[in-house]
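*Asks:* Hey, dropping entry.cif in here, mmCIF, C-alpha atoms and all ligand atoms:
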```
data_work
loop_
_atom_site.label_atom_id
_atom_site.label_comp_id
_atom_site.auth_asym_id
_atom_site.auth_seq_id
_atom_site.Cartn_x
_atom_site.Cartn_y
_atom_site.Cartn_z
CA MET B 782 -6.63 165.90 101.20
CA THR B 783 -3.89 164.30 99.09
CA SER B 784 -3.61 160.57 99.49
CA TYR B 785 -1.94 159.38 102.65
CA PHE B 786 -0.02 156.94 100.48
CA GLY B 787 1.24 159.51 97.97
CA ASP B 788 0.71 158.41 94.41
CA LEU B 789 1.19 154.67 94.91
CA ALA B 790 -0.44 152.67 92.14
CA PRO B 791 -2.04 149.27 92.75
CA LEU B 792 0.80 146.83 93.35
CA PRO B 793 1.95 144.86 90.31
CA VAL B 794 2.61 141.15 90.22
CA ASP B 795 6.38 141.16 89.78
CA PRO B 796 8.65 138.42 91.12
CA ASP B 797 11.60 140.84 91.20
CA GLY B 798 9.83 143.98 92.44
CA ASP B 799 10.60 145.83 95.63
CA LEU B 800 7.02 146.80 96.40
CA SER B 801 5.11 144.16 94.46
CA PHE B 802 3.45 140.79 94.80
CA ARG B 803 6.23 138.27 94.29
CA HIS B 804 4.15 135.18 94.96
CA TYR B 805 0.51 136.32 95.10
CA ASP B 806 -1.15 136.68 91.74
CA PRO B 807 -4.89 137.21 92.18
CA GLU B 808 -5.55 135.73 88.72
CA GLU B 809 -3.47 132.58 89.10
CA VAL B 810 -5.67 129.49 89.13
CA VAL B 811 -4.96 126.94 91.85
CA MET B 812 -7.25 123.96 92.46
CA GLY B 813 -9.65 125.31 89.90
CA LYS B 814 -10.07 128.74 91.49
CA ARG B 815 -8.43 132.16 91.16
CA MET B 816 -6.05 132.84 94.05
CA GLU B 817 -8.13 135.88 94.98
CA ASP B 818 -11.11 133.54 95.45
CA ASN B 819 -9.08 130.93 97.27
CA LEU B 820 -7.57 133.29 99.82
CA ARG B 821 -10.29 135.97 100.07
CA PHE B 822 -7.94 138.53 101.69
CA ALA B 823 -9.30 141.21 103.96
CA ILE B 824 -7.66 144.23 105.58
CA CYS B 825 -8.76 145.18 109.08
CA TYR B 826 -9.55 148.76 110.00
CA TRP B 827 -8.46 148.74 113.64
CA HIS B 828 -4.76 147.94 113.54
CA ASN B 829 -4.07 150.05 110.46
CA PHE B 830 -6.13 153.17 110.94
CA VAL B 831 -6.98 153.33 114.65
CA TRP B 832 -4.07 151.95 116.66
CA ASP B 833 -1.62 154.75 117.48
CA GLY B 834 1.44 152.66 118.32
CA ASN B 835 1.03 152.58 122.10
CA ASP B 836 2.34 149.76 124.26
CA PRO B 837 2.16 149.19 128.05
CA PHE B 838 5.17 151.49 128.54
CA GLY B 839 4.66 154.20 125.99
CA GLY B 840 2.10 156.14 124.05
CA GLN B 841 1.52 157.15 120.49
CA THR B 842 4.26 156.70 117.93
CA PHE B 843 2.18 156.98 114.75
CA GLN B 844 1.02 160.40 113.61
CA ARG B 845 -1.78 159.66 111.18
CA PRO B 846 -3.38 162.91 109.90
CA TRP B 847 -6.87 161.71 110.92
CA PHE B 848 -5.78 161.50 114.56
CA ALA B 849 -5.96 165.34 114.58
CA ALA B 850 -9.56 165.33 115.81
CA ASP B 851 -12.25 162.86 116.86
CA ASP B 852 -14.97 164.13 114.57
CA MET B 853 -16.87 163.00 111.50
CA GLU B 854 -14.66 164.95 109.14
CA MET B 855 -11.62 163.04 110.38
CA ALA B 856 -13.59 159.76 110.29
CA LYS B 857 -14.13 160.40 106.59
CA ALA B 858 -10.47 161.30 106.04
CA LYS B 859 -9.63 158.00 107.71
CA ALA B 860 -12.03 156.18 105.38
CA ASP B 861 -10.39 157.88 102.39
CA ALA B 862 -6.98 156.58 103.49
CA ALA B 863 -8.38 153.14 104.24
CA PHE B 864 -10.04 152.70 100.86
CA ASP B 865 -6.92 154.05 99.17
CA MET B 866 -4.92 151.33 100.91
CA PHE B 867 -7.47 148.66 99.91
CA ARG B 868 -7.07 149.84 96.29
CA ILE B 869 -3.26 149.79 96.38
CA LEU B 870 -3.24 146.30 97.89
CA ARG B 871 -6.02 145.06 95.58
CA VAL B 872 -7.79 143.25 98.41
CA PRO B 873 -11.33 142.02 97.81
CA TYR B 874 -12.51 142.56 101.42
CA PHE B 875 -12.19 144.65 104.57
CA CYS B 876 -13.44 144.35 108.19
CA PHE B 877 -14.30 146.88 110.89
CA HIS B 878 -15.73 147.48 114.39
CA ASP B 879 -18.23 150.35 114.91
CA HIS B 880 -15.68 152.02 117.18
CA ASP B 881 -13.02 152.01 114.41
CA VAL B 882 -14.98 153.98 111.89
CA ARG B 883 -16.95 156.65 113.76
CA PRO B 884 -16.45 158.77 116.86
CA GLU B 885 -18.83 157.80 119.65
CA GLY B 886 -21.84 160.11 120.02
CA ALA B 887 -23.29 161.64 123.18
CA SER B 888 -26.05 158.99 123.17
CA LEU B 889 -26.58 155.51 121.72
CA GLN B 890 -28.82 157.04 119.05
CA GLU B 891 -26.17 159.55 118.04
CA SER B 892 -23.51 156.83 117.88
CA HIS B 893 -25.74 154.74 115.62
CA ALA B 894 -26.56 157.74 113.41
CA ARG B 895 -22.85 158.36 112.97
CA LEU B 896 -22.24 154.71 112.15
CA ASN B 897 -24.93 154.90 109.50
CA GLU B 898 -23.49 158.10 108.08
CA ILE B 899 -20.11 156.40 107.68
CA ALA B 900 -21.81 153.34 106.20
CA ASP B 901 -23.31 155.66 103.54
CA TYR B 902 -19.81 156.96 102.87
CA PHE B 903 -18.50 153.37 102.61
CA GLU B 904 -21.36 152.34 100.36
CA ALA B 905 -20.32 154.85 97.71
CA LYS B 906 -16.68 153.72 97.92
CA MET B 907 -17.64 150.03 97.78
CA GLU B 908 -19.32 150.37 94.39
CA ASN B 909 -16.17 149.36 92.53
CA GLY B 910 -14.10 148.55 95.57
CA PRO B 911 -13.74 145.91 98.22
CA LYS B 912 -16.63 144.14 99.87
CA LEU B 913 -17.21 143.65 103.57
CA LEU B 914 -15.95 140.32 104.90
CA TRP B 915 -17.35 141.03 108.34
CA GLY B 916 -18.59 143.70 110.67
CA THR B 917 -18.43 143.63 114.46
CA ALA B 918 -19.02 145.70 117.57
CA ASN B 919 -16.30 146.87 119.89
CA MET B 920 -17.70 146.08 123.33
CA PHE B 921 -14.39 146.04 125.17
CA SER B 922 -12.53 149.39 124.81
CA ASN B 923 -14.83 151.86 126.52
CA ARG B 924 -14.74 151.78 130.34
CA ARG B 925 -18.45 150.95 130.46
CA PHE B 926 -17.45 147.46 129.26
CA MET B 927 -14.65 146.97 131.80
CA ALA B 928 -16.58 144.19 133.59
CA GLY B 929 -17.80 142.58 130.39
CA ALA B 930 -20.44 143.07 127.70
CA SER B 931 -23.29 140.52 127.87
CA THR B 932 -21.65 138.98 130.97
CA ASN B 933 -21.63 142.29 132.86
CA PRO B 934 -22.99 142.31 136.42
CA ASP B 935 -24.94 145.45 135.44
CA PRO B 936 -28.03 144.57 133.35
CA ASP B 937 -27.97 148.03 131.76
CA VAL B 938 -24.69 147.11 130.07
CA PHE B 939 -26.38 143.97 128.70
CA ALA B 940 -29.14 146.17 127.24
CA TYR B 941 -26.59 148.68 125.91
CA CYS B 942 -24.87 145.78 124.12
CA ALA B 943 -28.18 144.65 122.60
CA SER B 944 -28.55 148.08 121.06
CA THR B 945 -24.94 148.13 119.90
CA VAL B 946 -25.06 144.70 118.24
CA ARG B 947 -28.40 145.47 116.59
CA ALA B 948 -26.95 148.63 115.04
CA CYS B 949 -23.76 146.88 113.93
CA MET B 950 -25.59 143.89 112.49
CA ASP B 951 -27.99 146.19 110.62
CA VAL B 952 -25.04 148.04 109.08
CA THR B 953 -23.22 144.79 108.24
CA HIS B 954 -26.40 143.53 106.56
CA ARG B 955 -26.87 146.78 104.64
CA LEU B 956 -23.27 146.74 103.39
CA GLY B 957 -23.57 143.12 102.24
CA GLY B 958 -21.15 141.84 104.91
CA GLU B 959 -20.64 138.12 104.43
CA ASN B 960 -20.19 137.42 108.15
CA TYR B 961 -20.84 139.02 111.52
CA VAL B 962 -18.18 138.46 114.22
CA LEU B 963 -18.50 138.34 117.99
CA TRP B 964 -15.22 138.37 119.85
CA GLY B 965 -15.82 138.19 123.59
CA GLY B 966 -13.16 140.74 124.50
CA ARG B 967 -14.07 141.09 128.16
CA GLU B 968 -16.51 138.18 128.38
CA GLY B 969 -14.52 136.52 131.13
CA TYR B 970 -13.20 137.43 134.56
CA GLU B 971 -10.28 139.02 136.34
CA THR B 972 -10.90 137.22 139.64
CA LEU B 973 -13.25 134.45 140.73
CA LEU B 974 -13.60 136.28 144.06
CA ASN B 975 -16.14 138.68 142.57
CA THR B 976 -17.48 136.52 139.73
CA ASP B 977 -20.61 134.38 139.43
CA LEU B 978 -19.46 132.09 136.62
CA SER B 979 -22.76 130.30 136.25
CA ARG B 980 -24.77 133.52 135.91
CA GLU B 981 -22.32 135.09 133.47
CA MET B 982 -22.35 132.09 131.14
CA GLU B 983 -26.18 132.02 131.21
CA GLN B 984 -26.22 135.71 130.25
CA MET B 985 -23.79 135.10 127.40
CA GLY B 986 -25.84 132.17 126.12
CA ARG B 987 -29.07 134.19 126.21
CA PHE B 988 -27.40 137.08 124.43
CA LEU B 989 -26.00 134.90 121.67
CA SER B 990 -29.38 133.18 121.21
CA MET B 991 -31.04 136.57 120.78
CA VAL B 992 -28.36 137.69 118.30
CA VAL B 993 -29.12 134.59 116.21
CA GLU B 994 -32.88 135.24 116.45
CA TYR B 995 -32.34 138.82 115.32
CA LYS B 996 -30.25 137.69 112.34
CA HIS B 997 -33.17 135.56 111.16
CA LYS B 998 -35.70 138.28 111.91
CA ILE B 999 -33.98 140.77 109.58
CA GLY B 1000 -33.28 138.13 106.93
CA TYR B 1001 -29.52 138.49 107.22
CA GLU B 1002 -27.94 135.54 105.43
CA GLY B 1003 -24.33 136.03 106.48
CA THR B 1004 -22.62 133.71 108.95
CA ILE B 1005 -22.37 134.54 112.63
CA LEU B 1006 -18.83 133.86 113.82
CA ILE B 1007 -17.37 133.61 117.31
CA GLU B 1008 -13.68 134.36 117.63
CA PRO B 1009 -12.20 132.31 120.46
CA LYS B 1010 -9.37 133.62 122.62
CA PRO B 1011 -8.25 132.22 125.98
CA GLN B 1012 -7.17 135.40 127.76
CA GLU B 1013 -6.02 139.00 127.24
CA PRO B 1014 -7.58 141.37 128.03
CA THR B 1015 -9.22 139.33 130.82
CA LYS B 1016 -7.41 136.69 132.81
CA HIS B 1017 -9.82 134.02 131.61
CA GLN B 1018 -12.22 134.27 128.68
CA TYR B 1019 -15.28 132.07 128.30
CA ASP B 1020 -14.70 131.52 124.58
CA TYR B 1021 -11.30 129.98 125.37
CA ASP B 1022 -10.79 127.88 122.23
CA THR B 1023 -12.77 125.98 119.59
CA ALA B 1024 -13.56 122.97 121.73
CA THR B 1025 -14.76 125.16 124.61
CA VAL B 1026 -16.94 127.26 122.32
CA TYR B 1027 -18.43 124.13 120.78
CA GLY B 1028 -19.49 122.89 124.21
CA PHE B 1029 -21.05 126.29 124.88
CA LEU B 1030 -22.89 126.31 121.54
CA LYS B 1031 -24.21 122.79 122.16
CA ARG B 1032 -25.45 123.78 125.58
CA PHE B 1033 -27.51 126.60 124.10
CA GLY B 1034 -28.55 124.69 120.96
CA LEU B 1035 -26.62 127.02 118.64
CA GLU B 1036 -24.12 124.60 117.07
CA ASN B 1037 -25.78 124.84 113.66
CA GLU B 1038 -26.09 128.62 113.78
CA VAL B 1039 -22.63 129.87 114.72
CA LYS B 1040 -19.20 129.13 113.28
CA MET B 1041 -15.63 130.01 114.24
CA ASN B 1042 -13.38 132.88 113.24
CA LEU B 1043 -9.99 131.42 114.18
CA GLU B 1044 -6.92 133.55 114.80
CA GLN B 1045 -3.37 132.20 114.66
CA GLY B 1046 -2.22 134.17 117.71
CA HIS B 1047 -5.24 133.18 119.79
CA ALA B 1048 -4.54 129.51 119.06
CA ILE B 1049 -0.97 129.94 120.33
CA LEU B 1050 -2.18 131.72 123.49
CA ALA B 1051 -4.53 128.76 124.12
CA GLY B 1052 -1.54 126.41 123.97
CA HIS B 1053 -2.50 125.03 120.57
CA SER B 1054 -1.14 125.27 117.06
CA PHE B 1055 -3.22 127.15 114.49
CA GLU B 1056 -3.73 123.92 112.56
CA HIS B 1057 -5.08 122.25 115.70
CA GLU B 1058 -7.81 124.86 116.01
CA LEU B 1059 -8.63 124.60 112.29
CA ALA B 1060 -8.74 120.80 112.37
CA MET B 1061 -10.92 120.86 115.49
CA ALA B 1062 -13.38 123.32 113.93
CA ASN B 1063 -13.58 121.17 110.79
CA ALA B 1064 -14.08 118.02 112.85
CA LEU B 1065 -16.96 119.70 114.69
CA GLY B 1066 -18.42 121.24 111.53
CA ILE B 1067 -18.03 124.83 112.72
CA PHE B 1068 -15.16 126.27 110.67
CA GLY B 1069 -15.88 129.74 109.29
CA SER B 1070 -13.04 132.19 108.71
CA ILE B 1071 -9.52 133.12 109.82
CA ASP B 1072 -7.72 136.07 111.35
CA MET B 1073 -4.25 135.55 109.97
CA ASN B 1074 -1.26 136.79 111.93
CA ARG B 1075 1.78 135.46 113.79
CA ASN B 1076 2.30 135.36 117.51
CA ASP B 1077 5.51 135.73 119.40
CA TYR B 1078 6.34 132.35 120.93
CA GLN B 1079 8.22 133.80 123.89
CA SER B 1080 6.31 136.81 125.17
CA GLY B 1081 2.94 135.24 126.04
CA TRP B 1082 1.13 138.33 124.68
CA ASP B 1083 -1.14 138.69 121.71
CA THR B 1084 1.47 140.31 119.47
CA ASP B 1085 -0.59 140.37 116.23
CA GLN B 1086 2.45 140.34 113.92
CA PHE B 1087 2.19 139.90 110.19
CA PRO B 1088 2.62 136.26 109.13
CA ASN B 1089 6.13 135.46 107.98
CA ASN B 1090 6.49 131.72 108.35
CA VAL B 1091 5.58 129.82 105.20
CA PRO B 1092 5.62 126.26 106.65
CA GLU B 1093 3.31 127.35 109.50
CA VAL B 1094 0.93 129.04 107.07
CA ALA B 1095 1.03 126.02 104.72
CA LEU B 1096 -0.12 123.67 107.47
CA ALA B 1097 -2.97 126.03 108.32
CA TYR B 1098 -4.20 126.25 104.73
CA TYR B 1099 -3.79 122.49 104.41
CA GLU B 1100 -6.40 122.01 107.14
CA ILE B 1101 -8.62 124.62 105.50
CA LEU B 1102 -8.38 122.76 102.18
CA ARG B 1103 -9.12 119.43 103.88
CA GLY B 1104 -12.33 121.06 105.11
CA GLY B 1105 -13.24 122.21 101.59
CA GLY B 1106 -11.81 125.77 101.66
CA PHE B 1107 -13.58 129.01 102.52
CA THR B 1108 -17.27 129.61 101.90
CA THR B 1109 -18.35 132.91 103.49
CA GLY B 1110 -15.03 133.24 105.33
CA GLY B 1111 -11.67 134.55 104.23
CA THR B 1112 -8.16 135.54 105.31
CA ASN B 1113 -8.39 138.70 107.41
CA PHE B 1114 -5.05 140.16 108.47
CA ASP B 1115 -5.58 140.86 112.15
CA ALA B 1116 -2.00 142.11 112.23
CA LYS B 1117 -0.28 145.35 113.12
CA LEU B 1118 3.02 147.03 112.42
CA ARG B 1119 5.73 147.16 115.03
CA ARG B 1120 5.54 150.60 116.64
CA GLN B 1121 8.75 151.88 115.05
CA SER B 1122 7.44 151.29 111.52
CA LEU B 1123 6.36 154.87 111.02
CA ASP B 1124 6.12 155.35 107.26
CA PRO B 1125 2.81 155.01 105.42
CA VAL B 1126 4.52 152.66 102.99
CA ASP B 1127 5.27 150.29 105.91
CA LEU B 1128 1.54 149.49 106.00
CA ILE B 1129 1.62 148.57 102.33
CA ALA B 1130 4.83 146.54 102.53
CA ALA B 1131 3.59 144.65 105.59
CA HIS B 1132 0.42 143.53 103.84
CA ALA B 1133 2.10 142.79 100.50
CA GLY B 1134 4.63 140.57 102.30
CA ALA B 1135 1.89 138.86 104.30
CA MET B 1136 -0.13 138.21 101.15
CA ASP B 1137 2.95 136.68 99.55
CA VAL B 1138 3.56 134.46 102.57
CA CYS B 1139 -0.09 133.32 102.46
CA ALA B 1140 0.12 132.69 98.71
CA ARG B 1141 3.28 130.60 99.12
CA GLY B 1142 1.75 128.69 102.01
CA PHE B 1143 -1.51 128.15 100.16
CA LYS B 1144 0.18 126.93 96.99
CA ALA B 1145 2.33 124.50 98.99
CA ALA B 1146 -0.79 123.28 100.79
CA ALA B 1147 -2.66 122.87 97.51
CA ARG B 1148 0.15 120.79 95.97
CA MET B 1149 0.36 118.70 99.13
CA TYR B 1150 -3.39 118.18 99.07
CA GLU B 1151 -3.63 117.43 95.35
CA ASP B 1152 -0.74 114.95 95.44
CA GLY B 1153 -2.62 113.13 98.18
CA VAL B 1154 0.48 111.57 99.74
CA LEU B 1155 -0.39 112.61 103.28
CA GLU B 1156 -4.04 111.66 102.82
CA ALA B 1157 -3.04 108.25 101.48
CA ALA B 1158 -0.85 107.65 104.52
CA ARG B 1159 -3.67 108.76 106.81
CA ALA B 1160 -6.15 106.46 105.05
CA GLU B 1161 -3.74 103.55 105.30
CA ARG B 1162 -3.33 104.14 109.03
CA TYR B 1163 -7.06 103.66 109.61
CA ALA B 1164 -7.61 101.02 106.90
CA GLY B 1165 -8.38 98.33 109.48
CA TRP B 1166 -11.60 100.16 110.28
CA ASP B 1167 -12.91 99.36 106.78
CA ARG B 1168 -13.22 95.66 107.70
CA PRO B 1169 -16.83 94.58 108.35
CA GLU B 1170 -16.17 93.38 111.91
CA ALA B 1171 -14.56 96.73 112.71
CA GLN B 1172 -17.49 98.71 111.27
CA ALA B 1173 -19.88 96.50 113.23
CA MET B 1174 -18.25 97.57 116.51
CA LEU B 1175 -19.33 101.17 115.90
CA ALA B 1176 -22.79 100.36 114.62
CA GLU B 1177 -26.04 100.58 116.54
CA GLY B 1178 -26.59 97.45 118.63
CA ALA B 1179 -22.92 96.69 119.24
CA THR B 1180 -22.17 95.93 122.88
CA LEU B 1181 -19.06 95.83 124.95
CA ASP B 1182 -19.90 92.21 125.81
CA ALA B 1183 -20.15 91.03 122.20
CA ILE B 1184 -16.96 92.80 121.21
CA ALA B 1185 -15.09 91.45 124.23
CA ASP B 1186 -16.29 87.90 123.47
CA ARG B 1187 -15.11 88.19 119.86
CA ALA B 1188 -11.70 89.56 120.94
CA GLU B 1189 -11.24 86.65 123.33
CA ALA B 1190 -12.53 83.99 120.89
CA ALA B 1191 -10.18 85.24 118.17
CA ALA B 1192 -7.32 85.51 120.69
CA LEU B 1193 -6.59 89.00 119.33
CA ASP B 1194 -3.00 90.13 119.84
CA PRO B 1195 -2.67 93.52 118.06
CA GLN B 1196 0.82 94.40 116.84
CA PRO B 1197 1.81 98.10 116.94
CA VAL B 1198 2.76 99.75 113.65
CA SER B 1199 4.90 102.83 113.12
CA GLY B 1200 3.20 106.23 113.17
CA ARG B 1201 5.87 107.33 110.65
CA GLN B 1202 5.84 110.92 111.94
CA GLU B 1203 9.31 111.85 110.70
CA ARG B 1204 8.65 110.39 107.26
CA LEU B 1205 5.45 112.45 107.05
CA GLU B 1206 7.33 115.56 108.19
CA ASN B 1207 9.88 114.89 105.46
CA ILE B 1208 7.05 114.77 102.93
CA VAL B 1209 5.74 118.15 104.13
CA ASN B 1210 9.23 119.56 103.83
CA ARG B 1211 9.32 118.70 100.12
CA TYR B 1212 6.44 121.09 99.50
CA VAL B 1213 7.27 124.08 101.67
C1 LIG Q 1301 -8.50 140.68 119.53
C2 LIG Q 1301 -9.04 140.39 118.19
C3 LIG Q 1301 -10.14 141.27 117.72
C4 LIG Q 1301 -11.16 140.58 116.91
C5 LIG Q 1301 -12.35 141.44 116.53
O1 LIG Q 1301 -7.45 139.87 119.91
O2 LIG Q 1301 -8.56 139.52 117.52
O3 LIG Q 1301 -9.59 142.32 117.01
O4 LIG Q 1301 -10.61 140.09 115.73
O5 LIG Q 1301 -12.95 142.03 117.60
CO CO Q 1302 -8.92 138.80 115.59
#
```
As structure tokens, how would this structure be written, given the file I've shared?
Ligand code: XUL
Ligand code: CO
*Replies:*
Amino acid sequence: MTSYFGDLAPLPVDPDGDLSFRHYDPEEVVMGKRMEDNLRFAICYWHNFVWDGNDPFGGQTFQRPWFAADDMEMAKAKADAAFDMFRILRVPYFCFHDHDVRPEGASLQESHARLNEIADYFEAKMENGPKLLWGTANMFSNRRFMAGASTNPDPDVFAYCASTVRACMDVTHRLGGENYVLWGGREGYETLLNTDLSREMEQMGRFLSMVVEYKHKIGYEGTILIEPKPQEPTKHQYDYDTATVYGFLKRFGLENEVKMNLEQGHAILAGHSFEHELAMANALGIFGSIDMNRNDYQSGWDTDQFPNNVPEVALAYYEILRGGGFTTGGTNFDAKLRRQSLDPVDLIAAHAGAMDVCARGFKAAARMYEDGVLEAARAERYAGWDRPEAQAMLAEGATLDAIADRAEAAALDPQPVSGRQERLENIVNRYV
């Protein structure tokens, strides 16, 4: 089959090009690292090669050649197109669900055999090509998962999920995947009238504990990531946001085993900003990776648009830099075209533009971080806490009584100082 993308060569770095990287140069060194290593871009399989353009009111708009049949031959044609796109966009990583890459078999065993056959096909293509940022299992599309995966009222679904995750983690391990993601697509409820919350959360905790045990059993050294999302597809999801997931991890003793894969759009749906979720994960020591996209602020749906707002992206990378940058994580574009963008080249242009937006945002964040102006202002705001009597209040042995006595003896009368928000916003504006 001729390439789905015609004869497109890998995109050049050209500030004046039409289809080029205008701001992203993988070789440019920022904060001592190549931009490729700072941003660790990944392309996702599902939105680009699986989604057919449907929306709640209409069906397929895209006519990808590999949609012609649901067989292994077409799965390989799809992989050819995918790896061709990874080459054109010069990305170092990709991500996939089992369901994205192989047609489901008549039995669990056949599904797993097909997954392994595709993994063999990937392995050959990965020799000089992109690496796997993360693998995951789709336990939300098929109707068997309509009432949840590990939280399902039917224990056979729980067991089916154990088999599915084992197969997907094995393949992720074999392909050198740097992370394994669990997004609780339907781990939540539609109505409390038929839901036993307590039981479902116990099931989810047991399942996650066993996933972690299995990771150690097979010697997989990648990071297990949970991707929080408050709702959609279910009305309420148990992994609502970072703070909720942290409480859940603590409850099951998994806070040192599992980190977060944070998605811009999911943060917005939870009523947060993306930087809030990133800062929270850093504060709790559970930041892992990001799904970069942009959410519509009016619709209330998970619109998974390509990022196109440099200041927003800059603030996100600023929090990531404050936490020390990525380790096993990266920037996965969990983003899809609008359904009228029919041309193959739209997929390329969308990603090239998104990579440029991320590069601009990252470089602004790096300058802001290196100049240290915001950090100096932050440090100054808390400087009082460096005084010995302030430190003593937080130390072991301090009591409310002793502190209260000291406050009264010293006749403390604290004077408010400005939070200087607008001046700080003006500083940010100089960089973006
Ligand atoms: C859904 C979503 C998923 C996860 C992987 O909103 O973000 O695609 O990233 O299952
Ligand atoms: Co995502």
*Asks:* How big is the axis-aligned box around all listed atoms of ligand LIG 1301 (chain Q) once 8 Å goes on each side, and where's its centre, in Å to one decimal, as AutoDock Vina command-line options?
*Replies:*
```
--center_x -10.2 --center_y 140.9 --center_z 117.8 --size_x 21.5 --size_y 18.8 --size_z 20.2
```
*Asks:* Return the single residue from B:Tyr1212, B:Phe1114, B:Phe875, B:Trp915 that is closest to ligand CO 1302 (chain Q), with distances computed using only C-alpha atoms and all ligand atoms.
*Replies:* B:Phe1114
*Asks:* With ligand LIG 1301 (chain Q) as the partner and 7 Å as the cut-off, tabulate the residues of chain B that qualify, each row holding the nearest pair of atoms and their distance in Å to one decimal, using only C-alpha atoms and all ligand atoms, sorted by chain and rising number, as a tab-separated table.
*Replies:*
```
residue	atom	partner	partner_atom	distance
B:His878	CA	Q:LIG1301	O5	6.9
B:Thr917	CA	Q:LIG1301	O5	6.5
B:Asn919	CA	Q:LIG1301	O5	6.3
B:Val962	CA	Q:LIG1301	C5	6.9
B:Leu963	CA	Q:LIG1301	O5	6.7
B:Trp964	CA	Q:LIG1301	O5	4.9
B:Gly966	CA	Q:LIG1301	C1	6.8
B:Glu1008	CA	Q:LIG1301	C4	6.7
B:Glu1044	CA	Q:LIG1301	O2	6.8
B:Asp1072	CA	Q:LIG1301	O4	6.6
B:Asp1083	CA	Q:LIG1301	O1	6.7
B:Asp1115	CA	Q:LIG1301	O4	6.2
```
*Asks:* With C-alpha atoms retained, export the selected residues as a short mmCIF file (atom, residue, chain, number, x, y, z; two decimals), in the frame of the given file.
*Replies:*
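The new file part_6.cif reads:
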```cif
data_model
loop_
_atom_site.label_atom_id
_atom_site.label_comp_id
_atom_site.auth_asym_id
_atom_site.auth_seq_id
_atom_site.Cartn_x
_atom_site.Cartn_y
_atom_site.Cartn_z
CA HIS B 878 -15.73 147.48 114.39
CA THR B 917 -18.43 143.63 114.46
CA ASN B 919 -16.30 146.87 119.89
CA VAL B 962 -18.18 138.46 114.22
CA LEU B 963 -18.50 138.34 117.99
CA TRP B 964 -15.22 138.37 119.85
CA GLY B 966 -13.16 140.74 124.50
CA GLU B 1008 -13.68 134.36 117.63
CA GLU B 1044 -6.92 133.55 114.80
CA ASP B 1072 -7.72 136.07 111.35
CA ASP B 1083 -1.14 138.69 121.71
CA ASP B 1115 -5.58 140.86 112.15
#
```
*Asks:* Taking 6 positions as the minimum chain separation for residues in the same chain, which residues sit within 12 Å of Glu1036 of chain B when counting all atoms listed in the file? Answer as an mmCIF file with C-alpha atoms, in the coordinates of the input.
*Replies:*
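The resulting file, part30.cif, is shown below:
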```cif
data_model
loop_
_atom_site.group_PDB
_atom_site.id
_atom_site.type_symbol
_atom_site.label_atom_id
_atom_site.label_comp_id
_atom_site.auth_asym_id
_atom_site.auth_seq_id
_atom_site.Cartn_x
_atom_site.Cartn_y
_atom_site.Cartn_z
ATOM 1 C CA GLY B 986 -25.840 132.170 126.120
ATOM 2 C CA LEU B 989 -26.000 134.900 121.670
ATOM 3 C CA SER B 990 -29.380 133.180 121.210
ATOM 4 C CA VAL B 993 -29.120 134.590 116.210
ATOM 5 C CA ILE B 1005 -22.370 134.540 112.630
ATOM 6 C CA LEU B 1006 -18.830 133.860 113.820
ATOM 7 C CA ILE B 1007 -17.370 133.610 117.310
ATOM 8 C CA THR B 1023 -12.770 125.980 119.590
ATOM 9 C CA ALA B 1024 -13.560 122.970 121.730
ATOM 10 C CA VAL B 1026 -16.940 127.260 122.320
ATOM 11 C CA TYR B 1027 -18.430 124.130 120.780
ATOM 12 C CA GLY B 1028 -19.490 122.890 124.210
ATOM 13 C CA PHE B 1029 -21.050 126.290 124.880
ATOM 14 C CA LEU B 1030 -22.890 126.310 121.540
ATOM 15 C CA ALA B 1062 -13.380 123.320 113.930
ATOM 16 C CA LEU B 1065 -16.960 119.700 114.690
ATOM 17 C CA GLY B 1066 -18.420 121.240 111.530
ATOM 18 C CA ILE B 1067 -18.030 124.830 112.720
ATOM 19 C CA PHE B 1068 -15.160 126.270 110.670
#
```
*Asks:* Could you tell me which of B:Ala823, B:Ile1208, B:Met1136, B:Met1149 comes closest to ligand CO 1302 (chain Q) if we count only C-alpha atoms and all ligand atoms?
*Replies:* B:Ala823
*Asks:* Separation of atom CA of Arg980 of chain B and atom CA of Thr945 of chain B, in Å?
*Replies:* 21.7 Å
*Asks:* Leaving out Ala894 of chain B and any residue of its chain fewer than 5 positions from it, which residues lie within 10 Å of it when counting only C-alpha atoms, given as a list in words?
*Replies:*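 Using only C-alpha atoms, the neighbours found are Arg883, Glu885, Gly886, Ser888, Leu889, Ile899, Ala900 and Ala948 of chain B.
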